[in-house]
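To keep things clear, I will list the structure first and then write my remarks on it.
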Amino acid sequence: MPKRRAPSILKRPHADIIGRTILYYPSLPSTMDMAKKMAKEGMDEGAVIIASEQTEGRGRLGRKWVAPPDSSLSLSIILRPSMNQLPQLNMIASLAVVRSIQNVTGLRPLIKWPNDVLLNSKKVSGILIENVFEGAKLRAAIVGIGININLDPSSFPEIASIATSLSIEAHRDVSPHAVLTSFLDALEELYKELREGGNVYKKWLPFVETVGKTVRVKSGEAVEEGYVESIDANGSLILRKPDGRRLTMIAGEVTLHI
Ligand code: BTN
């Protein structure tokens, strides 16, 4: 087994929660697993685990996450929210990605429910949240973020037609460091708001492009079609079926805009 190289340790002394400690690894199987391990060992809330390369990066629904070395930002953050704050983690994570992209590139990303971030209708960032329980008690939520910075999707047939990157959309090189610091600042602001009892839903909803579309949604084995009337404050999709029935979908994947 190859010996894992030690991480560089970066600090953001001005941060109150997010990124007080940042561990930067040249290569990891997945930042999710390293963050989970550290969360179980008692690592501080807000610690950020970054990898320049992931050999087994994963996405939602068991998919592989493609990110060759130095093409993307791949990171996981250890948070310790309460159970009732969990539905909003998705929202604050995607909104923080949106704000950082706007801030650094001036582009206006949109969110495809539940939490893909799109530019020009193509995916530029994905979010994966995995929770760590101890019995029934929530010990931590690991928020994993992948942002395509200088990735050229045309080299990867499986994502060539559905993915894009910041450098492609901005027509210039984009600094991963600038995106990282802007993202951590945005997440810190939104997470503090959440901890203080605020609700990010109203800020998040205007960026969700899925509302008002007729879609096909896959959830496990089930496939539903209908018109997206709204997304509720818990982040569930409210679908109006062709027969008039209303369906609330907690999770799933929009596979087609009809
Ligand atoms: C998705 O869109 O399916 C979610 C993709 C999440 C990818 C990130 S990259 C950093 C972290 N480590 C992983 O293995 N996955 C997440």
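Letters for chains follow the order of the structure tokens (A, B, ...), residue numbers begin at 1 for each chain, and ligand numbers begin at 1 in the order shown.
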Identify, on the basis of only C-alpha atoms, every residue whose closest approach to segment 97-107 of chain A does not exceed 10 Å; exclude the query and any residue fewer than 4 positions from it along the same chain; express the result as a PyMOL selection string. chain A and resi 91-93+111+116-120+124-127+145-147+149+166-167+169-172+174-176+178-187+204+207
Would you pick out the contacts of Glu253 of chain A at 8 Å or less, using only C-alpha atoms, so that residues sharing its chain but fewer than 5 positions from it are not included, and give the list as a PyMOL selection string? chain A and resi 113-114+217-219
Around ligand 1, which protein and nucleic acid residues have at least one atom no more than 7 Å from it, if we count only C-alpha atoms and all ligand atoms? List them as a ChimeraX atom specification. /A:30-32,54,56-61,63,65,74-76,116,125-128,144-146
Please write the residues from the selection above to a file, keeping N, CA and C atoms, as a PDB file, in the first residue's frame.
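The file below, part_30.pdb, is the result:
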```pdb
ATOM      1  N   SER A  30     -10.736   9.588  -0.759  1.00  0.00           N
ATOM      2  CA  SER A  30     -11.852  10.536  -0.787  1.00  0.00           C
ATOM      3  C   SER A  30     -11.745  11.418   0.451  1.00  0.00           C
ATOM      4  N   THR A  31     -11.959  12.711   0.280  1.00  0.00           N
ATOM      5  CA  THR A  31     -11.925  13.605   1.448  1.00  0.00           C
ATOM      6  C   THR A  31     -13.066  13.273   2.415  1.00  0.00           C
ATOM      7  N   MET A  32     -14.136  12.623   1.893  1.00  0.00           N
ATOM      8  CA  MET A  32     -15.278  12.285   2.758  1.00  0.00           C
ATOM      9  C   MET A  32     -14.833  11.310   3.851  1.00  0.00           C
ATOM     10  N   GLN A  54      -8.202  12.996  -5.729  1.00  0.00           N
ATOM     11  CA  GLN A  54      -8.918  11.920  -5.045  1.00  0.00           C
ATOM     12  C   GLN A  54      -8.908  10.700  -5.960  1.00  0.00           C
ATOM     13  N   GLU A  56     -10.638   7.912  -5.232  1.00  0.00           N
ATOM     14  CA  GLU A  56     -11.968   7.276  -5.196  1.00  0.00           C
ATOM     15  C   GLU A  56     -13.036   8.291  -4.838  1.00  0.00           C
ATOM     16  N   GLY A  57     -12.952   9.471  -5.471  1.00  0.00           N
ATOM     17  CA  GLY A  57     -13.947  10.512  -5.194  1.00  0.00           C
ATOM     18  C   GLY A  57     -15.334  10.010  -5.555  1.00  0.00           C
ATOM     19  N   ARG A  58     -16.302  10.316  -4.710  1.00  0.00           N
ATOM     20  CA  ARG A  58     -17.657   9.828  -4.987  1.00  0.00           C
ATOM     21  C   ARG A  58     -18.680  10.956  -5.000  1.00  0.00           C
ATOM     22  N   GLY A  59     -19.766  10.679  -5.742  1.00  0.00           N
ATOM     23  CA  GLY A  59     -20.856  11.639  -5.813  1.00  0.00           C
ATOM     24  C   GLY A  59     -22.106  11.065  -5.184  1.00  0.00           C
ATOM     25  N   ARG A  60     -23.218  11.737  -5.371  1.00  0.00           N
ATOM     26  CA  ARG A  60     -24.495  11.252  -4.859  1.00  0.00           C
ATOM     27  C   ARG A  60     -24.875   9.983  -5.603  1.00  0.00           C
ATOM     28  N   LEU A  61     -25.749   9.218  -4.977  1.00  0.00           N
ATOM     29  CA  LEU A  61     -26.340   8.019  -5.583  1.00  0.00           C
ATOM     30  C   LEU A  61     -25.277   7.026  -6.045  1.00  0.00           C
ATOM     31  N   ARG A  63     -22.412   7.416  -7.316  1.00  0.00           N
ATOM     32  CA  ARG A  63     -21.657   7.659  -8.548  1.00  0.00           C
ATOM     33  C   ARG A  63     -20.215   8.064  -8.265  1.00  0.00           C
ATOM     34  N   TRP A  65     -16.996  10.487  -8.790  1.00  0.00           N
ATOM     35  CA  TRP A  65     -16.803  11.927  -9.042  1.00  0.00           C
ATOM     36  C   TRP A  65     -15.475  12.113  -9.763  1.00  0.00           C
ATOM     37  N   SER A  74     -11.649  19.957  -4.342  1.00  0.00           N
ATOM     38  CA  SER A  74     -12.323  18.802  -3.743  1.00  0.00           C
ATOM     39  C   SER A  74     -12.113  18.885  -2.246  1.00  0.00           C
ATOM     40  N   LEU A  75     -13.186  19.091  -1.513  1.00  0.00           N
ATOM     41  CA  LEU A  75     -13.024  19.279  -0.069  1.00  0.00           C
ATOM     42  C   LEU A  75     -14.228  18.771   0.705  1.00  0.00           C
ATOM     43  N   SER A  76     -13.971  18.470   1.977  1.00  0.00           N
ATOM     44  CA  SER A  76     -15.048  18.096   2.892  1.00  0.00           C
ATOM     45  C   SER A  76     -14.895  18.903   4.163  1.00  0.00           C
ATOM     46  N   ASP A 116     -27.216  20.473  -7.283  1.00  0.00           N
ATOM     47  CA  ASP A 116     -26.171  20.645  -8.303  1.00  0.00           C
ATOM     48  C   ASP A 116     -26.088  22.129  -8.627  1.00  0.00           C
ATOM     49  N   SER A 125     -20.592  22.194 -10.183  1.00  0.00           N
ATOM     50  CA  SER A 125     -20.277  21.813  -8.806  1.00  0.00           C
ATOM     51  C   SER A 125     -21.320  20.833  -8.283  1.00  0.00           C
ATOM     52  N   GLY A 126     -20.843  19.897  -7.453  1.00  0.00           N
ATOM     53  CA  GLY A 126     -21.748  18.942  -6.823  1.00  0.00           C
ATOM     54  C   GLY A 126     -21.499  18.899  -5.324  1.00  0.00           C
ATOM     55  N   ILE A 127     -22.539  18.546  -4.602  1.00  0.00           N
ATOM     56  CA  ILE A 127     -22.463  18.543  -3.136  1.00  0.00           C
ATOM     57  C   ILE A 127     -22.949  17.202  -2.613  1.00  0.00           C
ATOM     58  N   LEU A 128     -22.206  16.674  -1.676  1.00  0.00           N
ATOM     59  CA  LEU A 128     -22.549  15.382  -1.079  1.00  0.00           C
ATOM     60  C   LEU A 128     -22.499  15.549   0.423  1.00  0.00           C
ATOM     61  N   GLY A 144     -19.418  17.570   1.610  1.00  0.00           N
ATOM     62  CA  GLY A 144     -18.408  17.403   0.556  1.00  0.00           C
ATOM     63  C   GLY A 144     -18.757  18.271  -0.640  1.00  0.00           C
ATOM     64  N   ILE A 145     -17.756  18.987  -1.126  1.00  0.00           N
ATOM     65  CA  ILE A 145     -17.982  19.910  -2.248  1.00  0.00           C
ATOM     66  C   ILE A 145     -16.949  19.631  -3.334  1.00  0.00           C
ATOM     67  N   GLY A 146     -17.414  19.509  -4.541  1.00  0.00           N
ATOM     68  CA  GLY A 146     -16.502  19.457  -5.684  1.00  0.00           C
ATOM     69  C   GLY A 146     -16.848  20.609  -6.614  1.00  0.00           C
TER      70      GLY A 146
END
```
Please run DSSP on the backbone and report, as a list in words, all residues within segment 6-88 of chain A that come out as alpha helix (DSSP H).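 Filtering segment 6-88 of chain A to alpha helix (DSSP H) leaves Thr31, Met32, Asp33, Met34, Ala35, Lys36, Lys37, Met38, Ala39, Lys40, Leu86, Pro87 and Gln88 of chain A.
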Just all heavy atoms for this one: save the residues we selected as an mmCIF file, in the first residue's frame.
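Output file selection-v8.cif follows:
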```
data_model
loop_
_atom_site.group_PDB
_atom_site.id
_atom_site.type_symbol
_atom_site.label_atom_id
_atom_site.label_comp_id
_atom_site.auth_asym_id
_atom_site.auth_seq_id
_atom_site.Cartn_x
_atom_site.Cartn_y
_atom_site.Cartn_z
ATOM 1 N N THR A 31 -11.959 12.711 0.280
ATOM 2 C CA THR A 31 -11.925 13.605 1.448
ATOM 3 C C THR A 31 -13.066 13.273 2.415
ATOM 4 O O THR A 31 -12.985 13.561 3.599
ATOM 5 C CB THR A 31 -12.045 15.084 1.023
ATOM 6 O OG1 THR A 31 -13.257 15.254 0.257
ATOM 7 C CG2 THR A 31 -10.862 15.526 0.191
ATOM 8 N N MET A 32 -14.136 12.623 1.893
ATOM 9 C CA MET A 32 -15.278 12.285 2.758
ATOM 10 C C MET A 32 -14.833 11.310 3.851
ATOM 11 O O MET A 32 -15.190 11.462 5.019
ATOM 12 C CB MET A 32 -16.410 11.633 1.952
ATOM 13 C CG MET A 32 -17.030 12.494 0.877
ATOM 14 S SD MET A 32 -17.673 14.069 1.473
ATOM 15 C CE MET A 32 -19.194 13.620 2.280
ATOM 16 N N ASP A 33 -14.058 10.297 3.446
ATOM 17 C CA ASP A 33 -13.662 9.267 4.417
ATOM 18 C C ASP A 33 -12.698 9.832 5.451
ATOM 19 O O ASP A 33 -12.780 9.516 6.631
ATOM 20 C CB ASP A 33 -13.048 8.071 3.682
ATOM 21 C CG ASP A 33 -14.076 7.415 2.778
ATOM 22 O OD1 ASP A 33 -15.273 7.481 3.099
ATOM 23 O OD2 ASP A 33 -13.679 6.872 1.728
ATOM 24 N N MET A 34 -11.766 10.674 4.984
ATOM 25 C CA MET A 34 -10.820 11.267 5.928
ATOM 26 C C MET A 34 -11.564 12.185 6.914
ATOM 27 O O MET A 34 -11.312 12.171 8.122
ATOM 28 C CB MET A 34 -9.749 12.042 5.152
ATOM 29 C CG MET A 34 -8.685 12.654 6.007
ATOM 30 S SD MET A 34 -7.865 11.467 7.091
ATOM 31 C CE MET A 34 -6.575 10.850 6.028
ATOM 32 N N ALA A 35 -12.515 12.982 6.406
ATOM 33 C CA ALA A 35 -13.259 13.889 7.284
ATOM 34 C C ALA A 35 -14.102 13.094 8.290
ATOM 35 O O ALA A 35 -14.193 13.456 9.466
ATOM 36 C CB ALA A 35 -14.154 14.800 6.439
ATOM 37 N N LYS A 36 -14.690 11.994 7.840
ATOM 38 C CA LYS A 36 -15.505 11.162 8.742
ATOM 39 C C LYS A 36 -14.662 10.592 9.869
ATOM 40 O O LYS A 36 -15.041 10.606 11.032
ATOM 41 C CB LYS A 36 -16.090 9.979 7.957
ATOM 42 C CG LYS A 36 -17.476 10.226 7.504
ATOM 43 C CD LYS A 36 -18.024 8.932 6.911
ATOM 44 C CE LYS A 36 -19.237 9.304 6.110
ATOM 45 N NZ LYS A 36 -19.731 8.211 5.302
ATOM 46 N N LYS A 37 -13.493 10.092 9.477
ATOM 47 C CA LYS A 37 -12.587 9.497 10.465
ATOM 48 C C LYS A 37 -12.214 10.566 11.502
ATOM 49 O O LYS A 37 -12.271 10.332 12.706
ATOM 50 C CB LYS A 37 -11.342 8.966 9.738
ATOM 51 C CG LYS A 37 -10.279 8.364 10.607
ATOM 52 C CD LYS A 37 -9.206 7.732 9.720
ATOM 53 C CE LYS A 37 -8.003 7.277 10.505
ATOM 54 N NZ LYS A 37 -7.137 8.353 10.955
ATOM 55 N N MET A 38 -11.877 11.754 11.016
ATOM 56 C CA MET A 38 -11.463 12.817 11.933
ATOM 57 C C MET A 38 -12.630 13.284 12.801
ATOM 58 O O MET A 38 -12.452 13.598 13.978
ATOM 59 C CB MET A 38 -10.909 13.996 11.143
ATOM 60 C CG MET A 38 -9.565 13.664 10.544
ATOM 61 S SD MET A 38 -8.933 15.058 9.626
ATOM 62 C CE MET A 38 -7.304 14.471 9.247
ATOM 63 N N ALA A 39 -13.818 13.322 12.216
ATOM 64 C CA ALA A 39 -14.999 13.742 12.989
ATOM 65 C C ALA A 39 -15.229 12.768 14.142
ATOM 66 O O ALA A 39 -15.523 13.165 15.269
ATOM 67 C CB ALA A 39 -16.221 13.804 12.082
ATOM 68 N N LYS A 40 -15.062 11.475 13.862
ATOM 69 C CA LYS A 40 -15.261 10.456 14.903
ATOM 70 C C LYS A 40 -14.201 10.581 15.979
ATOM 71 O O LYS A 40 -14.427 10.272 17.144
ATOM 72 C CB LYS A 40 -15.206 9.048 14.285
ATOM 73 C CG LYS A 40 -16.454 8.720 13.496
ATOM 74 C CD LYS A 40 -16.347 7.318 12.903
ATOM 75 C CE LYS A 40 -17.460 7.107 11.885
ATOM 76 N NZ LYS A 40 -17.183 6.021 10.947
ATOM 77 N N LEU A 86 -30.392 20.012 9.797
ATOM 78 C CA LEU A 86 -29.877 19.220 8.661
ATOM 79 C C LEU A 86 -30.474 19.596 7.294
ATOM 80 O O LEU A 86 -29.728 19.737 6.335
ATOM 81 C CB LEU A 86 -30.097 17.723 8.908
ATOM 82 C CG LEU A 86 -29.027 16.983 9.703
ATOM 83 C CD1 LEU A 86 -29.344 15.491 9.733
ATOM 84 C CD2 LEU A 86 -27.639 17.213 9.122
ATOM 85 N N PRO A 87 -31.820 19.762 7.202
ATOM 86 C CA PRO A 87 -32.357 20.059 5.860
ATOM 87 C C PRO A 87 -31.769 21.324 5.247
ATOM 88 O O PRO A 87 -31.677 21.449 4.022
ATOM 89 C CB PRO A 87 -33.865 20.239 6.113
ATOM 90 C CG PRO A 87 -34.133 19.542 7.401
ATOM 91 C CD PRO A 87 -32.873 19.625 8.208
ATOM 92 N N GLN A 88 -31.354 22.244 6.103
ATOM 93 C CA GLN A 88 -30.837 23.503 5.549
ATOM 94 C C GLN A 88 -29.353 23.461 5.183
ATOM 95 O O GLN A 88 -28.834 24.394 4.571
ATOM 96 C CB GLN A 88 -31.086 24.633 6.541
ATOM 97 C CG GLN A 88 -32.544 25.023 6.564
ATOM 98 C CD GLN A 88 -32.697 26.434 7.063
ATOM 99 O OE1 GLN A 88 -32.182 27.383 6.493
ATOM 100 N NE2 GLN A 88 -33.378 26.555 8.173
#
```
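In this model, the gap between atom CA of Val48 of chain A and atom CA of Asn115 of chain A comes to 19.8 Å.
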Excluding Ser154 of chain A and any residue of its chain fewer than 3 positions from it, enumerate the residues within 12 Å of it, using only C-alpha atoms, and give them as JSON, numbers by chain. {"A": [150, 151, 157, 158, 159, 160, 161, 162, 163, 164, 165, 168]}
Any idea what's packed within 7 Å of Leu10 of chain A, counting only C-alpha atoms, ignoring anything in its chain fewer than 2 positions away? Could you give it as a count of residues only? 5
In Å, rounded to a single decimal, give me how far atom CA of Pro26 of chain A is from atom CA of Arg5 of chain A. 7.0 Å
